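Chemist: Quick one: the structure is below, questions incoming.
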Amino acid sequence: MFGPAAPPLPTVVPAVPSYPANVVDPVELMKTAANNQQYHEYLLNKGHLAAAAATGAMKQKRHNETVKEKKKFTRTAAGLKWDDETLREWPENDYRIFVGDLGNECSDDTLAKAFSKYSSFAKARVVRDKRTGESRGYGFVSLLDPEEFVTAMREMNGMCGA
């Protein structure tokens, strides 16, 4: 009457954390109900659970960085193609503002201070000549929030010495 049975769904098993010798495994504590005092202390401080969560977050960050390292940033101009490694330094999905008319005394820090009043400010970079190290007169500012990006464009447009 019905067709063949559907194949079973794959089972997803969460990773089991390993505990250092001086930290008690909570599963083992739960198995031995005789250790109520020790289990109660575990419930009160949960210190190693926070450490396990932090370790998981660190592993995820490392994975994200590895993925970003593998990603190529190919640029094309004047019939040439090259990988631009400097694009790895910028956050993904940011909103970038071109900032022009910068003097030679303007540094990344100076530009960052001018835009740090925006909470989603992420990065500022003054473009410099590779041979002389002098400012080429422009730079870029990265913001993570699109609304602050528009606000910054309006507020900072035409500002001198901000």
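FYI, nothing fancy with the structure tokens labels: chains A, B, ... in order, residues from 1 per chain, ligands from 1 as they appear.
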Set the distance at 7 Å and use only C-alpha atoms: which residues neighbour Thr74 in chain A once local chain neighbours fewer than 2 positions away are removed? I'd like the list as a list in words.

Modeler: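 Using only C-alpha atoms, the neighbours found are Lys72, Thr76, Lys81, Trp82, Asp83 and Asp84 of chain A.
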
Chemist: What lies within 9 Å of Ser119 in chain A using only C-alpha atoms, ignoring chain neighbours under 5 positions off, as a ChimeraX atom specification?

Modeler: /A:143-145,148

Chemist: Measuring atom to atom with only C-alpha atoms, identify which of A:Cys106, A:Ile97, A:Ala124, A:Leu111 is nearest to Thr151 in chain A.

Modeler: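 Counting only C-alpha atoms, the residue closest to Thr151 in chain A is A:Ile97.
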
Chemist: Which residue, A:Pro146, A:Gly103, A:Gly158, A:Gly79, has the smallest gap to Tyr118 in chain A when you use only C-alpha atoms?

Modeler: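 Nearest to Tyr118 in chain A: A:Pro146.
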
Chemist: Let me make sure I understand: among A:Arg96, A:Gly139, A:Leu102, A:Lys113, which one has the smallest atom-to-atom distance to Met153 in chain A if we use only C-alpha atoms?

Modeler: A:Arg96

Chemist: So how far away is CA of Tyr138 in chain A from CA of Phe121 in chain A, in Å?

Modeler: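 Straight-line distance from CA of Phe121 in chain A to CA of Tyr138 in chain A works out to 17.8 Å.
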
Chemist: Compare A:Val141, A:Glu147, A:Arg125, A:Ser116 by their minimum atom-to-atom distance to Phe98 in chain A, counting only C-alpha atoms, and give me the closest one.

Modeler: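 That would be A:Val141, the residue with the smallest distance to Phe98 in chain A.
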
Chemist: Which distance in Å separates CA of Val127 in chain A and CA of Glu105 in chain A, to one decimal?

Modeler: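 The value is 12.2 Å.
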
Chemist: Report, in Å to a single decimal, how far apart CA of Lys71 in chain A and CA of Glu89 in chain A are.

Modeler: 12.3 Å
